>>> print(open('structure-v1.txt').read())   # compact mmCIF, C-alpha atoms
# COMPACT_ATOMS: atom_id res chain seq x y z
CA MET R 1 1.62 18.39 13.96
CA LEU R 2 -1.73 17.00 12.85
CA GLY R 3 -3.28 16.50 16.26
CA GLN R 4 -2.05 15.01 19.53
CA ALA R 5 -3.46 11.84 21.02
CA ARG R 6 -6.35 12.57 23.39
CA PRO R 7 -8.55 10.43 25.65
CA ARG R 8 -11.33 8.42 24.04
CA ALA R 9 -14.34 10.60 23.32
CA ARG R 10 -17.84 9.69 22.24
CA ALA R 11 -18.45 10.25 18.55
CA THR R 12 -21.09 9.27 16.05
CA MET R 13 -20.29 5.89 14.58
CA ILE R 14 -19.69 5.79 10.83
CA VAL R 15 -21.19 2.85 8.95
CA ILE R 16 -19.33 1.54 5.91
CA ASP R 17 -20.70 -0.95 3.39
CA GLY R 18 -17.78 -3.29 2.73
CA SER R 19 -19.31 -4.58 -0.50
CA PHE R 20 -19.30 -1.38 -2.57
CA GLY R 21 -16.76 -0.57 -5.27
CA GLU R 22 -14.00 -3.16 -5.48
CA GLY R 23 -15.50 -4.79 -2.40
CA GLY R 24 -12.27 -6.16 -0.93
CA GLY R 25 -9.93 -5.78 2.00
CA GLN R 26 -8.92 -2.25 1.04
CA ILE R 27 -12.24 -0.92 2.36
CA LEU R 28 -11.54 -2.53 5.71
CA ARG R 29 -7.96 -1.26 5.96
CA GLY R 30 -8.84 2.26 4.87
CA SER R 31 -11.70 2.41 7.35
CA LEU R 32 -9.45 1.23 10.18
CA SER R 33 -6.82 3.85 9.33
CA LEU R 34 -9.31 6.69 9.15
CA SER R 35 -11.20 5.59 12.26
CA ALA R 36 -8.05 5.49 14.39
CA ALA R 37 -6.47 8.62 12.89
CA LEU R 38 -9.66 10.64 13.43
CA GLY R 39 -10.77 9.05 16.68
CA VAL R 40 -14.15 8.11 15.19
CA PRO R 41 -15.75 4.66 15.70
CA VAL R 42 -16.75 2.67 12.62
CA ARG R 43 -18.92 -0.30 11.82
CA ILE R 44 -17.99 -2.13 8.62
CA GLU R 45 -20.77 -4.31 7.23
CA ARG R 46 -20.80 -6.93 4.44
CA ILE R 47 -17.03 -7.25 4.60
CA ARG R 48 -15.51 -8.61 1.38
CA ALA R 49 -18.97 -9.63 0.19
CA LYS R 50 -17.79 -9.83 -3.43
CA ARG R 51 -14.96 -12.24 -2.74
CA PRO R 52 -15.14 -16.05 -3.17
CA LYS R 53 -14.64 -16.38 0.61
CA PRO R 54 -16.46 -13.38 2.13
CA GLY R 55 -15.70 -12.01 5.56
CA LEU R 56 -12.53 -11.53 7.55
CA GLY R 57 -9.53 -13.65 6.65
CA HIS R 58 -6.32 -14.09 8.58
CA GLN R 59 -4.69 -11.10 6.89
CA HIS R 60 -7.64 -8.80 7.64
CA LEU R 61 -7.80 -9.82 11.28
CA ALA R 62 -4.09 -9.10 11.59
CA ALA R 63 -4.65 -5.58 10.25
CA ALA R 64 -7.60 -4.95 12.57
CA ARG R 65 -5.73 -6.17 15.64
CA ALA R 66 -2.64 -4.17 14.72
CA ALA R 67 -4.73 -1.00 14.37
CA ALA R 68 -6.40 -1.64 17.71
CA LYS R 69 -3.03 -2.21 19.39
CA VAL R 70 -1.57 1.18 18.47
CA CYS R 71 -4.58 3.16 19.68
CA ASP R 72 -5.93 1.09 22.57
CA GLY R 73 -8.92 0.29 20.37
CA GLN R 74 -11.80 -2.09 20.98
CA LEU R 75 -12.93 -4.63 18.37
CA THR R 76 -16.26 -6.40 18.15
CA GLY R 77 -16.73 -9.21 15.63
CA ALA R 78 -13.01 -9.83 15.13
CA LYS R 79 -13.11 -13.50 14.14
CA ARG R 80 -12.47 -15.52 11.01
CA GLY R 81 -15.30 -15.31 8.51
CA SER R 82 -17.09 -12.45 10.25
CA THR R 83 -18.83 -10.11 7.79
CA GLU R 84 -19.23 -7.27 10.30
CA LEU R 85 -16.65 -5.52 12.45
CA ILE R 86 -17.01 -2.67 14.93
CA PHE R 87 -13.88 -0.67 15.76
CA GLU R 88 -13.82 1.89 18.58
CA PRO R 89 -10.43 3.64 18.64
CA GLY R 90 -8.73 5.19 21.62
CA PRO R 91 -5.73 7.54 21.81
CA VAL R 92 -2.89 6.85 19.39
CA ARG R 93 0.27 5.78 21.21
CA ALA R 94 3.81 5.99 19.90
CA GLY R 95 5.95 2.96 20.68
CA HIS R 96 7.73 -0.15 19.50
CA TYR R 97 5.32 -2.67 18.00
CA SER R 98 5.76 -6.15 16.60
CA ARG R 99 3.15 -8.09 14.63
CA GLU R 100 3.36 -11.72 13.51
CA ILE R 101 0.83 -12.42 10.74
CA GLY R 102 1.48 -16.15 10.95
CA THR R 103 0.96 -16.72 7.23
CA ALA R 104 2.24 -15.23 3.97
CA GLY R 105 -0.23 -12.37 4.45
CA SER R 106 1.16 -9.02 3.35
CA THR R 107 3.35 -7.15 5.79
CA THR R 108 3.21 -4.05 3.60
CA LEU R 109 -0.60 -3.81 3.69
CA ILE R 110 -0.53 -3.88 7.47
CA LEU R 111 2.16 -1.20 7.46
CA GLN R 112 0.02 0.96 5.19
CA THR R 113 -2.87 0.53 7.63
CA LEU R 114 -0.76 1.63 10.59
CA LEU R 115 1.25 4.46 9.02
CA PRO R 116 -1.52 7.13 8.85
CA ILE R 117 -2.39 6.27 12.45
CA LEU R 118 1.10 6.36 13.94
CA ALA R 119 2.01 9.50 12.00
CA ARG R 120 -0.51 11.24 14.28
CA ALA R 121 1.17 10.07 17.50
CA ASP R 122 3.26 12.45 19.59
CA GLY R 123 6.49 10.48 19.25
CA GLU R 124 8.45 8.17 16.98
CA SER R 125 7.24 4.59 16.48
CA VAL R 126 9.04 1.48 15.27
CA VAL R 127 6.98 -1.33 13.74
CA THR R 128 8.28 -4.81 12.89
CA ILE R 129 5.94 -7.04 10.88
CA HIS R 130 6.54 -10.72 10.06
CA GLY R 131 4.82 -12.45 7.15
CA GLY R 132 4.81 -12.04 3.38
CA THR R 133 6.88 -9.30 1.77
CA HIS R 134 6.40 -10.27 -1.88
CA ASN R 135 2.79 -11.25 -2.61
CA PRO R 136 0.91 -11.04 -5.92
CA MET R 137 -1.96 -9.01 -4.40
CA ALA R 138 0.06 -6.42 -2.47
CA PRO R 139 2.90 -3.92 -2.97
CA PRO R 140 6.31 -5.50 -2.34
CA ALA R 141 8.68 -4.10 0.26
CA GLU R 142 10.75 -2.33 -2.43
CA PHE R 143 7.67 -0.42 -3.60
CA ILE R 144 7.08 0.87 -0.07
CA SER R 145 10.66 2.05 0.46
CA GLU R 146 11.34 3.39 -3.04
CA CYS R 147 7.98 4.80 -4.19
CA TYR R 148 5.37 5.10 -1.43
CA LEU R 149 7.42 6.56 1.42
CA PRO R 150 9.34 9.05 -0.78
CA ALA R 151 5.97 10.34 -2.05
CA LEU R 152 4.75 10.73 1.52
CA ALA R 153 7.97 12.55 2.43
CA ARG R 154 6.86 15.26 -0.01
CA VAL R 155 3.82 15.96 2.19
CA GLY R 156 5.83 15.92 5.42
CA ILE R 157 5.50 12.30 6.59
CA ALA R 158 8.94 11.10 7.66
CA ALA R 159 9.16 7.31 7.62
CA ASN R 160 11.48 4.60 6.41
CA CYS R 161 11.09 0.88 5.83
CA ARG R 162 13.75 -1.81 5.75
CA LEU R 163 13.36 -5.29 4.29
CA LEU R 164 14.76 -7.71 6.88
CA LEU R 165 14.01 -10.97 5.09
CA HIS R 166 12.16 -11.87 1.89
CA GLY R 167 8.91 -13.77 2.34
CA PHE R 168 7.10 -15.14 -0.73
CA TYR R 169 3.61 -16.59 -1.02
CA PRO R 170 2.65 -19.20 0.16
CA LYS R 171 5.45 -19.81 2.69
CA GLY R 172 5.86 -16.30 4.08
CA GLY R 173 8.58 -16.08 6.68
CA GLY R 174 9.70 -12.57 5.72
CA ALA R 175 9.90 -9.40 7.76
CA ILE R 176 10.01 -5.62 7.42
CA ARG R 177 10.79 -2.90 9.96
CA ALA R 178 9.50 0.67 9.67
CA THR R 179 10.19 3.82 11.64
CA ILE R 180 7.44 6.47 11.64
CA ALA R 181 7.94 10.00 12.97
CA PRO R 182 5.16 12.41 14.03
CA TRP R 183 3.64 14.34 11.12
CA ARG R 184 4.56 17.85 12.18
CA ASP R 185 4.55 19.99 9.03
CA PRO R 186 1.99 18.75 6.48
CA ALA R 187 2.34 20.10 2.96
CA PRO R 188 0.28 19.69 -0.22
CA LEU R 189 1.48 17.30 -2.91
CA ASP R 190 2.13 18.38 -6.48
CA LEU R 191 3.13 15.59 -8.86
CA THR R 192 1.40 16.84 -11.99
CA GLY R 193 4.23 17.39 -14.47
CA GLU R 194 5.20 14.86 -17.12
CA VAL R 195 8.44 12.95 -16.55
CA ASP R 196 10.94 11.14 -18.75
CA TRP R 197 11.36 7.71 -17.17
CA GLY R 198 14.42 6.83 -19.23
CA GLU R 199 15.69 3.27 -19.58
CA PRO R 200 14.33 0.54 -17.31
CA GLU R 201 16.43 -1.26 -14.69
CA VAL R 202 15.31 -4.87 -14.38
CA THR R 203 15.90 -7.31 -11.51
CA ILE R 204 14.65 -10.89 -11.21
CA LEU R 205 14.41 -12.34 -7.70
CA ILE R 206 14.60 -16.13 -7.55
CA ALA R 207 14.54 -18.35 -4.46
CA ASN R 208 14.55 -22.15 -4.31
CA LEU R 209 13.37 -22.55 -7.90
CA PRO R 210 15.16 -23.97 -10.96
CA GLU R 211 17.64 -21.56 -12.57
CA HIS R 212 15.90 -21.84 -15.94
CA VAL R 213 12.87 -19.97 -14.54
CA ALA R 214 14.90 -16.78 -14.10
CA GLU R 215 16.80 -17.36 -17.33
CA ARG R 216 13.58 -17.64 -19.35
CA GLU R 217 12.24 -14.47 -17.73
CA GLN R 218 15.53 -12.76 -18.49
CA ALA R 219 15.30 -13.63 -22.19
CA GLU R 220 11.65 -12.59 -22.44
CA LEU R 221 12.18 -9.28 -20.62
CA ALA R 222 15.23 -8.43 -22.75
CA ALA R 223 13.22 -9.01 -25.91
CA ARG R 224 10.11 -7.14 -24.75
CA LEU R 225 11.99 -4.14 -23.34
CA ARG R 226 14.70 -4.10 -26.02
CA LEU R 227 17.53 -4.60 -23.58
CA ASP R 228 20.71 -6.60 -23.66
CA ALA R 229 20.03 -9.81 -21.75
CA MET R 230 22.98 -9.10 -19.45
CA ALA R 231 21.31 -5.84 -18.42
CA VAL R 232 18.52 -7.89 -16.85
CA ARG R 233 19.97 -8.79 -13.46
CA ILE R 234 19.19 -12.12 -11.79
CA GLU R 235 19.41 -12.03 -7.99
CA PRO R 236 19.40 -15.47 -6.33
CA LEU R 237 18.19 -15.33 -2.72
CA PRO R 238 19.46 -17.40 0.24
CA GLY R 239 18.41 -21.02 0.51
CA GLU R 240 16.09 -20.50 3.49
CA VAL R 241 13.92 -18.13 1.47
CA GLY R 242 11.15 -19.22 -0.86
CA PRO R 243 10.25 -20.84 -3.07
CA GLY R 244 9.48 -17.59 -4.82
CA ASN R 245 10.04 -15.43 -7.88
CA ALA R 246 9.45 -11.77 -8.67
CA VAL R 247 10.26 -9.38 -11.50
CA LEU R 248 11.05 -5.77 -10.57
CA ILE R 249 11.24 -3.11 -13.31
CA ARG R 250 12.47 0.29 -12.10
CA TYR R 251 12.31 3.61 -13.89
CA ARG R 252 13.99 6.75 -12.58
CA ALA R 253 13.27 10.41 -13.21
CA GLY R 254 15.32 12.61 -10.91
CA GLU R 255 14.25 11.74 -7.36
CA LEU R 256 11.20 9.81 -8.55
CA VAL R 257 11.16 6.03 -8.88
CA GLY R 258 8.55 4.09 -10.80
CA LEU R 259 8.46 0.41 -9.90
CA VAL R 260 6.51 -2.26 -11.77
CA THR R 261 6.34 -5.78 -10.37
CA ALA R 262 5.08 -9.21 -11.37
CA PHE R 263 5.20 -12.47 -9.44
CA GLY R 264 5.68 -16.08 -10.32
CA GLU R 265 2.80 -18.34 -9.29
CA PRO R 266 2.08 -22.06 -9.59
CA GLY R 267 0.79 -22.77 -13.09
CA LYS R 268 2.01 -19.44 -14.54
CA SER R 269 4.86 -19.72 -17.01
CA ALA R 270 8.05 -17.69 -16.65
CA GLU R 271 7.32 -16.11 -20.02
CA ARG R 272 3.91 -14.94 -18.90
CA VAL R 273 5.31 -13.38 -15.71
CA ALA R 274 7.82 -11.45 -17.81
CA GLN R 275 5.20 -10.42 -20.36
CA GLU R 276 2.87 -9.03 -17.69
CA ALA R 277 5.65 -6.97 -16.14
CA ALA R 278 6.90 -5.66 -19.47
CA ARG R 279 3.41 -4.69 -20.63
CA GLU R 280 2.69 -2.65 -17.50
CA ALA R 281 6.15 -1.06 -17.55
CA LYS R 282 5.79 0.12 -21.13
CA LEU R 283 2.39 1.65 -20.39
CA LEU R 284 3.86 3.68 -17.53
CA ALA R 285 6.91 4.80 -19.51
CA ARG R 286 4.88 5.87 -22.54
CA SER R 287 2.39 7.85 -20.48
CA ARG R 288 5.14 9.93 -18.79
CA ALA R 289 2.91 10.01 -15.70
CA PRO R 290 4.83 10.58 -12.44
CA VAL R 291 2.52 8.29 -10.44
CA ASP R 292 1.68 4.71 -11.39
CA PRO R 293 -1.88 3.37 -10.78
CA HIS R 294 -0.93 1.36 -7.68
CA LEU R 295 0.76 4.32 -6.00
CA ALA R 296 -2.27 6.43 -6.93
CA ASP R 297 -4.50 4.08 -4.92
CA GLN R 298 -2.25 4.41 -1.89
CA LEU R 299 -1.72 8.19 -1.87
CA ILE R 300 -5.35 9.26 -1.67
CA LEU R 301 -5.92 8.51 2.02
CA PRO R 302 -2.81 10.17 3.52
CA LEU R 303 -3.27 13.22 1.27
CA ALA R 304 -6.83 13.65 2.53
CA LEU R 305 -5.64 13.56 6.16
CA GLY R 306 -3.14 16.32 5.41
CA ARG R 307 -3.21 19.28 3.04
CA GLY R 308 -4.35 17.35 0.00
CA GLY R 309 -2.75 17.80 -3.39
CA ALA R 310 -2.80 16.72 -7.00
CA PHE R 311 -1.02 14.13 -9.09
CA VAL R 312 -1.14 12.61 -12.55
CA THR R 313 -1.37 8.87 -13.12
CA ASN R 314 -1.72 6.79 -16.26
CA ALA R 315 -4.83 4.91 -15.09
CA VAL R 316 -7.49 5.15 -12.40
CA THR R 317 -8.38 1.82 -10.85
CA GLU R 318 -11.52 0.66 -9.08
CA HIS R 319 -9.41 0.57 -5.91
CA ALA R 320 -8.74 4.30 -6.22
CA ARG R 321 -12.42 5.13 -6.72
CA THR R 322 -13.36 2.92 -3.79
CA GLN R 323 -10.82 4.63 -1.56
CA ALA R 324 -12.25 7.98 -2.60
CA GLU R 325 -15.73 6.86 -1.54
CA VAL R 326 -14.47 5.72 1.88
CA LEU R 327 -12.93 9.17 2.35
CA ARG R 328 -16.18 10.86 1.37
CA ARG R 329 -18.06 8.93 4.02
CA PHE R 330 -15.55 9.72 6.76
CA LEU R 331 -14.62 13.31 5.88
CA GLY R 332 -17.16 14.56 3.36
CA LEU R 333 -14.36 15.19 0.83
CA GLU R 334 -14.82 14.70 -2.91
CA VAL R 335 -11.81 13.38 -4.82
CA LEU R 336 -11.79 14.56 -8.44
CA PHE R 337 -10.71 12.22 -11.25
CA GLU R 338 -10.23 14.05 -14.54
CA MET R 339 -9.13 12.30 -17.74
CA VAL R 340 -6.64 14.45 -19.66
CA ARG R 341 -6.21 11.75 -22.30
CA PRO R 342 -6.72 7.97 -22.22
CA ASP R 343 -3.34 7.34 -20.56
CA SER R 344 -3.25 10.44 -18.36
CA TRP R 345 -5.54 11.20 -15.41
CA ARG R 346 -5.32 14.14 -13.04
CA VAL R 347 -6.38 13.30 -9.50
CA GLN R 348 -7.21 16.17 -7.14
CA VAL R 349 -7.48 15.27 -3.45
CA PRO R 350 -8.80 17.89 -1.01
CA GLY R 351 -7.16 17.89 2.41
CA ALA R 352 -8.99 17.83 5.72
CA GLY R 353 -6.02 19.70 7.25
CA ASP R 354 -7.15 21.87 10.13
CA GLN R 355 -10.54 20.17 10.12
CA VAL R 356 -9.06 17.01 11.68
CA LYS R 357 -6.62 18.65 14.06
CA GLY R 358 -9.00 18.75 16.95
CA GLN R 359 -10.65 15.38 16.43
CA ARG R 360 -8.15 13.29 18.41
>>> encode(input="structure-v1.txt", output="structure tokens")
Amino acid sequence: MLGQARPRARATMIVIDGSFGEGGGQILRGSLSLSAALGVPVRIERIRAKRPKPGLGHQHLAAARAAAKVCDGQLTGAKRGSTELIFEPGPVRAGHYSREIGTAGSTTLILQTLLPILARADGESVVTIHGGTHNPMAPPAEFISECYLPALARVGIAANCRLLLHGFYPKGGGAIRATIAPWRDPAPLDLTGEVDWGEPEVTILIANLPEHVAEREQAELAARLRLDAMAVRIEPLPGEVGPGNAVLIRYRAGELVGLVTAFGEPGKSAERVAQEAAREAKLLARSRAPVDPHLADQLILPLALGRGGAFVTNAVTEHARTQAEVLRRFLGLEVLFEMVRPDSWRVQVPGAGDQVKGQR
């Protein structure tokens, strides 16, 4: 296993500039994960400096407090609007944890913060998180269970996630529950071969909105993806959920699932939601890349904590490059991004492996 929990030890504090790269909450969450997983204190400065409302928001405070909870960590500066946070982690503790965000803030982003930490505990953990499950700026619960966790299973991380109740922005009210086992046998990742994604499977989620919204999306998606309209499934959700709307486009290639999503928002037409989803889906399918750009962002950190690996994606985002820089500052590792062709990038992530075994 990648290191047992040990008593708090003094270590040189790492300083992270929260304004570099994409300059958003990802820098904070990645720093919290690495700090707790490695047992190294961190000071994050200029948090979200590039955002219209800089500093810690409700969602970011929830992530920081959740990370502190699972490792007996100490937080300084943990208040709304703060642009600097100090996190001093203690030993990681397996257990049953529950976190109430209190808004439509993303449950899945908090889970992704906690997973690399709890995977280094010496026992199984169960985490229940209440809040938003389907937000425009975060991976939906289906992406976690169908894409993210199966990819992590390939490197030896055994975890599952169940959607308990849908929660759309801005109401929230949803919940997920994840079980995370100790990471005992890390393995390198190899997702570098081209895949044939086949025909898309399309689902429209609709909750407490007029039926014509889903019907217009159905017609637009059928036309854009060259499908029979009846092949685009509309799934009405229970009356207590929503209002909310999401488009999910799945591709399958053997055990791999590619999932593209788009969300309805106030002022955005149903046609535009469908067009955005179809455009991204066709780009993924044409590239034949086994890893979509959003999954690429999310794989870099756990790979670096394990044995590393390589994968091919159809685009490299600023989020991915920012995550790579956070890793470099914590572990001294250089992630390599190599363009094979405009819609195919090879990403090589070195693994800290044995280097981090003794740090907890």
>>> residues_around(input="structure-v1.txt", residues="range 298-306 of chain R", least_positions_apart="4", cutoff="7 Å", atoms="all atoms listed in the file", output="list in words")
Pro116, Pro186, His294, Val349, Pro350, Gly351, Ala352 and Gly353 of chain R
>>> atom_distance(input="structure-v1.txt", atom1="CA of Glu271 in chain R", atom2="CA of Gly24 in chain R")
29.1 Å
>>> closest_residue(input="structure-v1.txt", among="R:Ser269, R:Ser125, R:Thr317, R:Gln218", to="Thr179 in chain R", atoms="all atoms listed in the file")
R:Ser125
>>> closest_residue(input="structure-v1.txt", among="R:Ile27, R:Ala138, R:Val273, R:Leu152", to="Val213 in chain R", atoms="all atoms listed in the file")
R:Val273
>>> residues_around(input="structure-v1.txt", residues="Glu146 in chain R", least_positions_apart="3", cutoff="10 Å", atoms="all atoms listed in the file", output="count of residues only")
14
>>> atom_distance(input="structure-v1.txt", atom1="CA of Arg288 in chain R", atom2="CA of Val340 in chain R")
12.6 Å
>>> closest_residue(input="structure-v1.txt", among="R:Val92, R:Cys71, R:Ala36, R:Ile206", to="Val241 in chain R", atoms="all atoms listed in the file")
R:Ile206
>>> closest_residue(input="structure-v1.txt", among="R:Leu191, R:Ala320, R:Leu118, R:Val312", to="Arg341 in chain R", atoms="only C-alpha atoms")
R:Val312
>>> closest_residue(input="structure-v1.txt", among="R:Ala207, R:Ile47, R:Ala181, R:Val291", to="Ser82 in chain R", atoms="all atoms listed in the file")
R:Ile47
>>> closest_residue(input="structure-v1.txt", among="R:Gly21, R:Gly309, R:Pro52, R:Pro236", to="Ala296 in chain R", atoms="only C-alpha atoms")
R:Gly309
>>> atom_distance(input="structure-v1.txt", atom1="CA of Leu336 in chain R", atom2="CA of Arg48 in chain R")
25.4 Å
>>> residues_around(input="structure-v1.txt", residues="Arg43 in chain R", least_positions_apart="5", cutoff="12 Å", atoms="all atoms listed in the file", output="PyMOL selection string")
chain R and resi 12-18+27-28+31-32+35+74-78+83-89+330
>>> residues_around(input="structure-v1.txt", residues="Thr203 in chain R", least_positions_apart="5", cutoff="7 Å", atoms="all atoms listed in the file", output="PyMOL selection string")
chain R and resi 232-235+247-249
